[in-house]
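structure_24.tsv (TSV, C-alpha atoms)
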chain	number	residue	atom	x	y	z
H	1	MET	CA	-10.38	-14.26	13.90
H	2	LEU	CA	-7.05	-15.46	12.50
H	3	SER	CA	-6.66	-18.04	15.26
H	4	PHE	CA	-10.28	-19.09	14.90
H	5	PHE	CA	-9.85	-20.01	11.24
H	6	ALA	CA	-6.36	-21.46	11.76
H	7	ARG	CA	-7.55	-23.38	14.85
H	8	ASP	CA	-4.37	-22.42	16.69
H	9	PHE	CA	-5.52	-20.75	19.90
H	10	LYS	CA	-3.09	-21.24	22.76
H	11	GLU	CA	-4.19	-23.87	25.28
H	12	ASN	CA	-4.90	-21.27	27.97
H	13	HIS	CA	-6.98	-19.08	25.63
H	14	PRO	CA	-10.69	-18.94	26.59
H	15	PHE	CA	-11.63	-19.92	23.02
H	16	SER	CA	-9.24	-22.87	22.76
H	17	SER	CA	-12.04	-25.37	23.35
H	18	ILE	CA	-13.99	-24.14	20.33
H	19	HIS	CA	-13.71	-26.50	17.39
H	20	PRO	CA	-15.39	-24.98	14.33
H	21	PRO	CA	-16.85	-27.47	11.84
H	22	GLY	CA	-15.80	-27.70	8.23
H	23	ASP	CA	-12.61	-27.92	6.24
H	24	GLN	CA	-9.67	-26.07	7.77
H	25	SER	CA	-8.71	-24.86	4.29
H	26	MET	CA	-11.97	-22.92	3.98
H	27	VAL	CA	-10.62	-19.53	5.04
H	28	PRO	CA	-12.31	-16.38	3.70
H	29	ASP	CA	-10.34	-13.47	2.28
H	30	MET	CA	-8.87	-11.69	5.29
H	31	PHE	CA	-8.45	-7.91	5.33
H	32	MET	CA	-7.28	-5.55	8.03
H	33	LEU	CA	-9.34	-2.37	8.19
H	34	GLY	CA	-7.36	0.63	9.40
H	35	SER	CA	-7.12	4.39	9.41
H	36	SER	CA	-3.58	4.71	10.76
H	37	GLU	CA	-0.15	3.15	10.61
H	38	GLY	CA	-1.20	0.69	13.32
H	39	GLY	CA	-3.51	-1.09	10.92
H	40	LEU	CA	-0.81	-1.00	8.27
H	41	HIS	CA	1.74	-2.70	10.53
H	42	PHE	CA	-0.69	-5.43	11.53
H	43	ALA	CA	-1.59	-6.17	7.89
H	44	LEU	CA	2.10	-6.34	6.97
H	45	GLU	CA	3.02	-8.48	9.98
H	46	LYS	CA	0.35	-11.06	9.16
H	47	GLY	CA	0.47	-10.77	5.37
H	48	LEU	CA	-3.19	-9.78	5.10
H	49	GLY	CA	-5.16	-7.68	2.66
H	50	PHE	CA	-5.52	-4.07	3.77
H	51	VAL	CA	-8.43	-1.63	3.63
H	52	PHE	CA	-7.76	2.01	4.49
H	53	ALA	CA	-10.63	4.20	5.74
H	54	ALA	CA	-9.71	7.35	3.81
H	55	HIS	CA	-12.82	9.17	5.02
H	56	LEU	CA	-11.39	9.00	8.56
H	57	ALA	CA	-7.80	9.99	7.74
H	58	PRO	CA	-7.70	11.29	4.16
H	59	GLN	CA	-4.17	12.74	4.36
H	60	LEU	CA	-2.71	9.35	5.33
H	61	ALA	CA	-4.53	7.25	2.74
H	62	ILE	CA	-2.14	7.40	-0.20
H	63	PRO	CA	1.19	7.21	1.69
H	64	VAL	CA	-0.02	4.38	3.94
H	65	LEU	CA	-1.47	2.34	1.08
H	66	ARG	CA	1.70	2.81	-0.98
H	67	ALA	CA	3.75	1.71	2.04
H	68	TYR	CA	1.60	-1.41	2.28
H	69	HIS	CA	2.42	-2.33	-1.33
H	70	ALA	CA	6.10	-1.51	-0.96
H	71	ASN	CA	6.57	-3.61	2.18
H	72	PHE	CA	4.17	-6.53	1.69
H	73	LYS	CA	5.63	-10.04	1.99
H	74	PRO	CA	3.80	-13.18	0.82
H	75	SER	CA	2.05	-15.16	3.54
H	76	SER	CA	-0.23	-18.14	3.95
H	77	TYR	CA	-3.11	-15.74	3.29
H	78	LEU	CA	-1.86	-13.91	0.21
H	79	THR	CA	0.92	-14.25	-2.33
H	80	GLU	CA	0.51	-10.64	-3.48
H	81	PRO	CA	-0.76	-7.48	-1.79
H	82	GLN	CA	-4.48	-6.77	-2.02
H	83	SER	CA	-5.81	-3.40	-0.93
H	84	MET	CA	-8.88	-1.21	-0.92
H	85	LEU	CA	-9.54	2.44	-0.22
H	86	ALA	CA	-12.81	3.40	1.49
H	87	THR	CA	-14.17	6.91	1.05
H	88	MET	CA	-17.44	8.83	1.10
H	89	VAL	CA	-18.88	9.33	-2.38
H	90	ILE	CA	-21.90	11.41	-3.33
H	91	THR	CA	-22.71	11.92	-6.98
H	92	ALA	CA	-25.54	12.99	-9.25
H	93	GLU	CA	-26.08	14.03	-12.86
H	94	THR	CA	-24.77	17.55	-12.20
H	95	GLU	CA	-22.27	19.05	-9.78
H	96	GLU	CA	-24.93	21.40	-8.42
H	97	GLU	CA	-27.29	18.52	-7.61
H	98	ALA	CA	-24.48	16.50	-6.01
H	99	LYS	CA	-23.52	19.39	-3.74
H	100	TYR	CA	-27.16	19.80	-2.71
H	101	ILE	CA	-27.64	16.15	-1.73
H	102	ALA	CA	-24.21	16.12	-0.04
H	103	GLY	CA	-25.26	19.00	2.21
H	104	PRO	CA	-26.64	16.82	5.04
H	105	ALA	CA	-23.47	14.70	5.27
H	106	GLU	CA	-21.19	17.75	5.19
H	107	LEU	CA	-23.25	19.47	7.90
H	108	MET	CA	-23.37	16.41	10.14
H	109	TRP	CA	-19.61	15.84	9.88
H	110	ALA	CA	-18.94	19.53	10.56
H	111	GLN	CA	-21.11	19.40	13.66
H	112	MET	CA	-19.51	16.16	14.86
H	113	SER	CA	-16.09	17.74	14.39
H	114	THR	CA	-17.06	20.66	16.62
H	115	GLY	CA	-18.35	18.45	19.42
H	116	THR	CA	-22.09	18.54	18.80
H	117	ARG	CA	-23.88	15.52	20.29
H	118	ASN	CA	-27.26	13.85	19.76
H	119	LEU	CA	-27.18	14.60	16.06
H	120	THR	CA	-29.94	13.75	13.62
H	121	PHE	CA	-29.28	13.46	9.90
H	122	PRO	CA	-30.68	16.68	8.36
H	123	THR	CA	-32.64	16.88	5.13
H	124	PRO	CA	-31.01	18.49	2.07
H	125	GLU	CA	-33.23	21.53	2.52
H	126	GLU	CA	-32.32	21.87	6.21
H	127	ALA	CA	-28.65	21.62	5.33
H	128	LYS	CA	-29.03	24.20	2.56
H	129	ASN	CA	-30.66	26.68	4.95
H	130	HIS	CA	-28.31	26.03	7.87
H	131	ARG	CA	-26.21	29.00	8.94
H	132	TYR	CA	-22.78	27.61	9.76
H	133	THR	CA	-21.02	28.96	12.82
H	134	PRO	CA	-17.38	30.02	12.30
H	135	HIS	CA	-16.22	26.80	13.98
H	136	GLU	CA	-18.53	24.68	11.82
H	137	GLU	CA	-17.36	26.44	8.66
H	138	LEU	CA	-13.74	25.78	9.58
H	139	ALA	CA	-14.55	22.11	10.25
H	140	ARG	CA	-16.45	21.88	6.97
H	141	GLU	CA	-13.41	23.16	5.08
H	142	ARG	CA	-11.11	20.74	6.89
H	143	ASN	CA	-13.46	17.86	6.12
H	144	LYS	CA	-13.50	18.39	2.35
H	145	ASP	CA	-10.94	15.65	1.70
H	146	ARG	CA	-13.18	13.14	3.44
H	147	PHE	CA	-15.64	13.31	0.55
H	148	VAL	CA	-15.68	12.79	-3.20
H	149	ILE	CA	-18.58	14.97	-4.37
H	150	GLY	CA	-19.52	16.06	-7.87
H	151	SER	CA	-21.12	15.12	-11.16
H	152	VAL	CA	-20.77	11.50	-12.12
H	153	GLY	CA	-17.98	12.33	-14.56
H	154	GLN	CA	-16.06	14.34	-11.97
H	155	VAL	CA	-16.42	11.61	-9.35
H	156	ALA	CA	-15.37	8.84	-11.74
H	157	ASP	CA	-12.23	10.82	-12.62
H	158	GLN	CA	-11.38	11.46	-8.96
H	159	LEU	CA	-11.88	7.82	-7.99
H	160	THR	CA	-9.71	6.68	-10.91
H	161	GLN	CA	-6.96	9.08	-9.81
H	162	LEU	CA	-7.25	7.92	-6.20
H	163	ALA	CA	-6.99	4.28	-7.23
H	164	LYS	CA	-3.88	4.92	-9.32
H	165	ALA	CA	-2.19	7.05	-6.66
H	166	SER	CA	-2.87	4.59	-3.84
H	167	LEU	CA	-2.25	1.42	-5.91
H	168	VAL	CA	-5.48	-0.15	-4.66
H	169	ASP	CA	-7.38	-2.97	-6.33
H	170	GLU	CA	-10.79	-1.71	-5.28
H	171	ILE	CA	-12.57	1.33	-3.89
H	172	MET	CA	-15.23	0.89	-1.23
H	173	ILE	CA	-17.94	3.54	-1.06
H	174	ALA	CA	-19.13	4.76	2.33
H	175	ASP	CA	-22.76	5.71	1.75
H	176	PHE	CA	-24.06	9.02	3.14
H	177	TYR	CA	-26.85	9.83	0.69
H	178	PRO	CA	-29.85	11.56	2.29
H	179	ASN	CA	-32.49	9.16	0.95
H	180	GLN	CA	-33.01	5.94	-0.97
H	181	GLU	CA	-33.86	7.68	-4.24
H	182	SER	CA	-30.64	9.71	-4.44
H	183	ARG	CA	-28.65	6.70	-3.22
H	184	LYS	CA	-29.98	4.39	-5.94
H	185	LYS	CA	-29.57	7.01	-8.65
H	186	GLY	CA	-26.02	7.87	-7.55
H	187	HIS	CA	-24.88	4.26	-7.55
H	188	GLU	CA	-26.50	3.54	-10.93
H	189	LEU	CA	-24.95	6.63	-12.53
H	190	LEU	CA	-21.50	5.80	-11.21
H	191	ALA	CA	-21.72	2.14	-12.22
H	192	LYS	CA	-22.68	3.14	-15.74
H	193	GLU	CA	-19.95	5.79	-15.94
H	194	LEU	CA	-17.30	3.30	-14.82
H	195	GLY	CA	-18.56	0.57	-17.13
H	196	LEU	CA	-19.62	-1.75	-14.32
H	197	SER	CA	-22.42	-4.25	-14.66
H	198	GLN	CA	-24.24	-6.20	-11.96
H	199	GLY	CA	-21.92	-8.72	-10.35
H	200	ASN	CA	-18.70	-6.98	-11.46
H	201	LYS	CA	-16.35	-5.00	-9.23

Here is a file; write its structure as structure tokens.
Amino acid sequence: MLSFFARDFKENHPFSSIHPPGDQSMVPDMFMLGSSEGGLHFALEKGLGFVFAAHLAPQLAIPVLRAYHANFKPSSYLTEPQSMLATMVITAETEEEAKYIAGPAELMWAQMSTGTRNLTFPTPEEAKNHRYTPHEELARERNKDRFVIGSVGQVADQLTQLAKASLVDEIMIADFYPNQESRKKGHELLAKELGLSQGNK
């Protein structure tokens, strides 16, 4: 992608004959998405923005994102570091309701973590009535840091703390709501709680 926009493929590269139309200065914001130090090193080497998938490696999120800020050097892409943290967020008006609608995501991730295949996304009621095996319960406990779950006030506080600790400019929400109704309500509640209006970050 970098060579495509810079039009600097090596002569022997299979894409070297591609000549994209338009102004060469029209380069979109470029971010490296990672969940390990490998992504960090690439972002730093190229001077790119960096997005860390905290729902995949929650324990690494803050130290890796802080390392990105500490070691960033200006490049042709950015003069200052730009970073995001991606995490799974499920919220509702009350903590009890949030935990209920988060049940399907927690169950699915617990089952994935224990090697279950051919999974279907359960309903909240199926998740509520599911009897966790000892292995699933252990995986569920280990997975807790992958999620931010709670009332809208609790979630807003946690996201604010995460943003400050990781020095990110934005938080990206990975969406695992069980249905469109709870998804729309959760996003609207959180936007209102954080003082966001349509079109704002």

**Q.** Minimum-distance residue to Glu95 in chain H, chosen among H:Val148, H:Leu33, H:Ala61, H:Met172 (using only C-alpha atoms)
**A.**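 For Glu95 in chain H, the nearest of the candidates is H:Val148.
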
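CA of Gly39 in chain H sits 21.9 Å away from CA of Asn143 in chain H.
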
(Q) Give me, as an NGL selection string, all polymer residues having an atom no more than 9 Å from His135 in chain H, counting only C-alpha atoms and skipping those fewer than 6 positions away in the same chain. (A) :H and (110-111 or 114)

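A straight line drawn from CA of Arg117 in chain H to CA of Asn179 in chain H is 22.1 Å long.
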
Q) Do you know which residues are at most 8 Å from Tyr177 in chain H counting all atoms listed in the file, after dropping those on the same chain fewer than 5 positions away, and could you put them as an MDAnalysis selection string? A) chainID H and resid 90 101:102 105 182:183

Q: Please provide as a PyMOL selection string all residues within 12 Å of Thr160 in chain H, with the sequence filter that same-chain residues fewer than 2 positions apart are discarded (counting only C-alpha atoms).
A: chain H and resi 85+148+153-158+162-171+190+193-194

Writing out the chosen residues with C-alpha atoms as a PDB file, keeping the file's coordinate frame:
ATOM      1  CA  LEU H  85      -9.540   2.440  -0.220  1.00  0.00           C
ATOM      2  CA  VAL H 148     -15.680  12.790  -3.200  1.00  0.00           C
ATOM      3  CA  GLY H 153     -17.980  12.330 -14.560  1.00  0.00           C
ATOM      4  CA  GLN H 154     -16.060  14.340 -11.970  1.00  0.00           C
ATOM      5  CA  VAL H 155     -16.420  11.610  -9.350  1.00  0.00           C
ATOM      6  CA  ALA H 156     -15.370   8.840 -11.740  1.00  0.00           C
ATOM      7  CA  ASP H 157     -12.230  10.820 -12.620  1.00  0.00           C
ATOM      8  CA  GLN H 158     -11.380  11.460  -8.960  1.00  0.00           C
ATOM      9  CA  LEU H 162      -7.250   7.920  -6.200  1.00  0.00           C
ATOM     10  CA  ALA H 163      -6.990   4.280  -7.230  1.00  0.00           C
ATOM     11  CA  LYS H 164      -3.880   4.920  -9.320  1.00  0.00           C
ATOM     12  CA  ALA H 165      -2.190   7.050  -6.660  1.00  0.00           C
ATOM     13  CA  SER H 166      -2.870   4.590  -3.840  1.00  0.00           C
ATOM     14  CA  LEU H 167      -2.250   1.420  -5.910  1.00  0.00           C
ATOM     15  CA  VAL H 168      -5.480  -0.150  -4.660  1.00  0.00           C
ATOM     16  CA  ASP H 169      -7.380  -2.970  -6.330  1.00  0.00           C
ATOM     17  CA  GLU H 170     -10.790  -1.710  -5.280  1.00  0.00           C
ATOM     18  CA  ILE H 171     -12.570   1.330  -3.890  1.00  0.00           C
ATOM     19  CA  LEU H 190     -21.500   5.800 -11.210  1.00  0.00           C
ATOM     20  CA  GLU H 193     -19.950   5.790 -15.940  1.00  0.00           C
ATOM     21  CA  LEU H 194     -17.300   3.300 -14.820  1.00  0.00           C
TER      22      LEU H 194
END

Do a neighbour search on Thr79 in chain H at 12 Å with only C-alpha atoms, toss out local chain neighbours closer than 2 positions, and write the hits as a short mmCIF file (atom, residue, chain, number, x, y, z; two decimals) with C-alpha atoms, in the frame of the given file.
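As a result, around19.cif now contains:
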data_model
loop_
_atom_site.label_atom_id
_atom_site.label_comp_id
_atom_site.auth_asym_id
_atom_site.auth_seq_id
_atom_site.Cartn_x
_atom_site.Cartn_y
_atom_site.Cartn_z
CA LYS H 46 0.35 -11.06 9.16
CA GLY H 47 0.47 -10.77 5.37
CA LEU H 48 -3.19 -9.78 5.10
CA GLY H 49 -5.16 -7.68 2.66
CA PHE H 72 4.17 -6.53 1.69
CA LYS H 73 5.63 -10.04 1.99
CA PRO H 74 3.80 -13.18 0.82
CA SER H 75 2.05 -15.16 3.54
CA SER H 76 -0.23 -18.14 3.95
CA TYR H 77 -3.11 -15.74 3.29
CA PRO H 81 -0.76 -7.48 -1.79
CA GLN H 82 -4.48 -6.77 -2.02
#

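CA of Ser35 in chain H sits 16.8 Å away from CA of Ser113 in chain H.
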
Q: Excluding His19 in chain H and any residue of its chain fewer than 6 positions from it, enumerate the residues within 12 Å of it, using all atoms listed in the file, and give them as an MDAnalysis selection string.
A: chainID H and resid 3:9

If you take every atom of range 2-18 of chain H that the file lists and fit an axis-aligned box around them with 4 Å extra on each side, what centre and edge lengths come out in Å to one decimal, as JSON?
{"center_x": -8.5, "center_y": -20.4, "center_z": 19.6, "size_x": 18.9, "size_y": 17.9, "size_z": 24.7}

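Of the residues listed (H:Val89, H:Met112, H:His130, H:Leu159), H:Val89 shows the shortest atom-to-atom separation from His55 in chain H; distances use only C-alpha atoms.
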
Q. Out of H:Pro124, H:Asn118, H:Gly186, H:Glu80, which residue has the shortest atom-to-atom distance to Gly103 in chain H when counting all atoms listed in the file?
A.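 Result for the nearest residue to Gly103 in chain H: H:Pro124.
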
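Among the candidates H:Ala67, H:Met108, H:Ile149, H:Ala98, the residue lying nearest to Lys185 in chain H is H:Ala98 (atoms considered: all atoms listed in the file).
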